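Report on the following structure.
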There are 2 protein chains.
Amino acid sequence: MTSATSRPHYPAPMVQLDSVGSLLLDAASDLLAAEGPGALTVRRIAGAAGVSTMNVYSRFGGKDGVVEHLFIEGFQRLGEGMSSVVLTDDPIADLASCGMAYRQFAIDHPTLYSVMFDRVVPDFQPTIDAQLIAGSTLDLLAQRLERAMTAGVLRQGDPLHTAALVWATCHGVVSLEQKSVGPMAINWPEVYEQAMRMIVTGLA
Amino acid sequence: MTSATSRPHYPAPMVQLDSVGSLLLDAASDLLAAEGPGALTVRRIAGAAGVSTMNVYSRFGGKDGVVEHLFIEGFQRLGEGMSSVVLTDDPIADLASCGMAYRQFAIDHPTLYSVMFDRVVPDFQPTIDAQLIAGSTLDLLAQRLERAMTAGVLRQGDPLHTAALVWATCHGVVSLEQKSVGPMAINWPEVYEQAMRMIVTGLA
DNA sequence: ACAAAGTCATAACATTGTTATCACACCGTC
DNA sequence: GACGGTGTGATAACAATGTTATGACTTTGT
């Protein structure tokens, strides 16, 4: 992270990880969940994995490579969480379930969520590939929305743009809630439900 | 001099700043705007202000004190931007203007926005006072919404919770846009306008 | 069997936030 | 005017960070 000459390219995220690599990722994930992004130091990650710090560089190209893996893993798990809701014959109810799964992920993994959506690791910028993976999570939502559109319960429109709008709304509520912005009196779970009602009626 | 017992106690944000303090804040603000949060180091701030690093500690208690000032200043400027829109006799149009002012602020000051809403400075946590100031920005929005409610163009409801919902929606779109999350093909300005239409129809 | 190449733990380096040191200016008193 | 106390602030030191260099050990090819 010292030389900012050119965009650093980390190892491809799909490389087969050996045991040490997996150990490092697990240790980083545990550290992140337990103590937050501040605990994500190269020495602590390597120490928790029981290996030397150089493994972080030989396998991931540096700290940012590890963070990028966590970033991608987070979006994959978020996608799994949203796609694991069982579909009913009510597209609107399914959308609501999807939204609740989104919020549940953010609540269950707040520090991972902050790695994904806040710039919580200094100078970390996901690669184009990682951004594409992150963006592909939107496809799930777009499919749900398109289904609701063809069913006639939502107004017709570009599914991708509508998905971006819905995603942004859910993210906005979760983000403000996590940062405790605004008066303490605000009941954020209620705001979230209100947001989903607003989405449905606003896009009907 | 500073009580070593309680740690995160920055000087009150309303203290009268001497010339060196103002110099430091201006330098920090310029650095943040020009090179992003990574450039916000104690030495660079002091160097840009032409003073020694110790001034950061004697006047602000440390780097986080400076960041807290920027944090508060950001919300104050955001509030000014939103309250500077001239009011018409159309509460809905005024709400839209308010929303556009919000987005304009985020576009004009992206790094300041990230200090306010992302956890971009490691281990920085705004004090309760700063959070209250940040939350008070919501009051402006709540007043606009209450006006639209009494005018009958928006459904009755708790103005504060509704304001939180509207704020979260605007923040969500701006946040995802700034981080380039999602496919590149997304037209974020259009998503933002769509969001405001959704808000109006969803809350009518 | 031996040299070349790779691997990895240790140590070194630059930079960060923070704290300690210490010289010098200022101020009240004699 | 001289002197001791007070405090301000610049310099240097310290711990921790990401990263790179070094050097010993292992593996491999012939």
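Just so we're on the same page: first chain in the structure tokens is A, next is B, and so on; residues restart at 1 for each chain, and ligands are numbered from 1 in the order they show up.
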
Tell me as a ChimeraX atom specification which residues belonging to chain D come within 9 Å of chain A, counting only C-alpha atoms (C1' of nucleotides).
/D:17-19

For the residues in that selection, give me N, CA and C atoms (P, O5', C5', C4', C3', O3' and C1' of nucleotides) as a PDB file, in the first residue's frame.
```pdb
ATOM      1  P    DT D  17      -0.372  -3.442  15.447  1.00  0.00           P
ATOM      2  O5'  DT D  17      -0.203  -2.951  13.946  1.00  0.00           O
ATOM      3  C5'  DT D  17      -1.040  -1.909  13.438  1.00  0.00           C
ATOM      4  C4'  DT D  17      -0.486  -1.396  12.134  1.00  0.00           C
ATOM      5  C3'  DT D  17      -0.179  -2.472  11.109  1.00  0.00           C
ATOM      6  O3'  DT D  17      -1.270  -2.668  10.259  1.00  0.00           O
ATOM      7  C1'  DT D  17       1.534  -0.791  11.206  1.00  0.00           C
ATOM      8  P    DG D  18      -1.233  -3.905   9.275  1.00  0.00           P
ATOM      9  O5'  DG D  18      -0.414  -3.364   8.019  1.00  0.00           O
ATOM     10  C5'  DG D  18      -0.952  -2.307   7.246  1.00  0.00           C
ATOM     11  C4'  DG D  18      -0.003  -1.951   6.116  1.00  0.00           C
ATOM     12  C3'  DG D  18       0.269  -3.095   5.128  1.00  0.00           C
ATOM     13  O3'  DG D  18       0.316  -2.594   3.802  1.00  0.00           O
ATOM     14  C1'  DG D  18       2.297  -2.410   6.151  1.00  0.00           C
ATOM     15  P    DT D  19       0.514  -3.607   2.600  1.00  0.00           P
ATOM     16  O5'  DT D  19       2.092  -3.645   2.443  1.00  0.00           O
ATOM     17  C5'  DT D  19       2.781  -2.426   2.193  1.00  0.00           C
ATOM     18  C4'  DT D  19       4.272  -2.642   2.196  1.00  0.00           C
ATOM     19  C3'  DT D  19       4.772  -3.765   1.282  1.00  0.00           C
ATOM     20  O3'  DT D  19       5.523  -3.189   0.217  1.00  0.00           O
ATOM     21  C1'  DT D  19       5.882  -3.758   3.387  1.00  0.00           C
TER      22       DT D  19
END
```

Using only C-alpha atoms (C1' of nucleotides), which chain A residues lie at most 9 Å away from chain C, written as a short mmCIF file (atom, residue, chain, number, x, y, z; two decimals) with N, CA and C atoms, in the first residue's frame?
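Wrote out.cif, looks like this:
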```cif
data_model
loop_
_atom_site.label_atom_id
_atom_site.label_comp_id
_atom_site.auth_asym_id
_atom_site.auth_seq_id
_atom_site.Cartn_x
_atom_site.Cartn_y
_atom_site.Cartn_z
N VAL A 51 0.91 -18.86 11.50
CA VAL A 51 1.95 -18.84 10.47
C VAL A 51 2.66 -17.49 10.53
N SER A 52 3.65 -17.34 9.69
CA SER A 52 4.40 -16.08 9.71
C SER A 52 3.74 -15.07 8.77
N THR A 53 4.09 -13.82 8.98
CA THR A 53 3.43 -12.75 8.23
C THR A 53 3.66 -12.85 6.74
N MET A 54 4.79 -13.43 6.35
CA MET A 54 5.10 -13.46 4.92
C MET A 54 4.06 -14.23 4.11
N ASN A 55 3.39 -15.17 4.75
CA ASN A 55 2.36 -15.92 4.02
C ASN A 55 1.27 -15.01 3.50
#
```

Residues of chain B were defined as contacting chain A if any atom lay at most 7 Å from it, counting only C-alpha atoms; please report them as a PDB file with C-alpha atoms, in the first residue's frame.
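Printed below is selection-v3.pdb as written:
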```
ATOM      1  CA  GLY B  38      -5.592   8.719   3.583  1.00  0.00           C
ATOM      2  CA  ASP B 118     -18.380   5.763   6.222  1.00  0.00           C
ATOM      3  CA  ARG B 119     -15.984   4.668   8.901  1.00  0.00           C
ATOM      4  CA  VAL B 120     -13.147   5.939   6.843  1.00  0.00           C
ATOM      5  CA  PRO B 122      -9.875   3.988  11.659  1.00  0.00           C
ATOM      6  CA  ASP B 123     -11.112   3.869  15.219  1.00  0.00           C
ATOM      7  CA  GLN B 131     -24.005  12.427  16.932  1.00  0.00           C
ATOM      8  CA  LEU B 132     -26.674  14.709  18.312  1.00  0.00           C
ATOM      9  CA  ALA B 134     -25.649  15.012  13.103  1.00  0.00           C
ATOM     10  CA  GLY B 135     -29.067  13.807  14.077  1.00  0.00           C
ATOM     11  CA  SER B 136     -30.428  17.312  14.360  1.00  0.00           C
ATOM     12  CA  LEU B 138     -32.935  15.330  10.456  1.00  0.00           C
ATOM     13  CA  HIS B 161     -39.515   8.351  11.554  1.00  0.00           C
ATOM     14  CA  LEU B 165     -36.812   6.775   6.097  1.00  0.00           C
ATOM     15  CA  ALA B 168     -31.950   6.632   4.530  1.00  0.00           C
ATOM     16  CA  THR B 169     -33.264   6.271   1.012  1.00  0.00           C
ATOM     17  CA  HIS B 171     -28.237   8.189   1.599  1.00  0.00           C
ATOM     18  CA  GLY B 172     -28.487   4.664   0.261  1.00  0.00           C
ATOM     19  CA  VAL B 173     -28.507   5.752  -3.359  1.00  0.00           C
ATOM     20  CA  LEU B 176     -23.890   2.975  -3.489  1.00  0.00           C
ATOM     21  CA  VAL B 181     -21.327  -0.915  -6.214  1.00  0.00           C
ATOM     22  CA  GLY B 182     -23.371  -2.730  -8.787  1.00  0.00           C
ATOM     23  CA  PRO B 183     -23.092  -2.926 -12.549  1.00  0.00           C
ATOM     24  CA  ILE B 186     -26.587   1.793 -13.752  1.00  0.00           C
ATOM     25  CA  VAL B 191     -32.062   6.033  -9.813  1.00  0.00           C
ATOM     26  CA  ALA B 195     -36.134   7.174  -5.552  1.00  0.00           C
ATOM     27  CA  MET B 198     -41.006   6.425  -5.080  1.00  0.00           C
ATOM     28  CA  ILE B 199     -40.878   8.314  -1.820  1.00  0.00           C
ATOM     29  CA  THR B 201     -45.966   8.052  -4.236  1.00  0.00           C
ATOM     30  CA  GLY B 202     -45.085   5.542  -1.542  1.00  0.00           C
ATOM     31  CA  LEU B 203     -45.870   7.959   1.265  1.00  0.00           C
TER      32      LEU B 203
END
```

So which residues touch Met82 (chain A) within 10 Å, counting only C-alpha atoms (C1' of nucleotides), skipping near sequence neighbours fewer than 6 positions away, as a list in words?
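Here the answer would be Gln76, Leu95, Ser97, Cys98, Gly99, Met100, Ala101, Tyr102, Arg103, Gln104, Phe105, Thr137, Leu140 and Leu141 of chain A.
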
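Once Gly152 (chain B) and its same-chain neighbours fewer than 3 positions away are set aside, Asp90, Pro91, Ile92, Leu145, Glu146, Arg147, Ala148, Met149, Arg155, Gln156, Gly157, Leu203 and Ala204 of chain B remain within 12 Å of it when counting only C-alpha atoms (C1' of nucleotides).
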
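Counting from CA of Val20 (chain B), the distance to CA of Ala49 (chain B) is 7.8 Å.
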
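Here CA of Gln178 (chain A) is placed at a distance of 28.3 Å from C1' of DA16 (chain D).
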
Secondary structure check, alpha helix (DSSP H) residues of region 15-198 of chain B, as a VMD selection string:
chain B and resid 19 to 35 42 to 49 54 to 60 63 to 83 91 to 108 110 to 117 128 to 150 159 to 179 188 to 198

How far is it from CA of Ser83 (chain A) to CA of Gly21 (chain A), in Å with one decimal?
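So the two atoms, CA of Ser83 (chain A) and CA of Gly21 (chain A), lie 27.8 Å apart.
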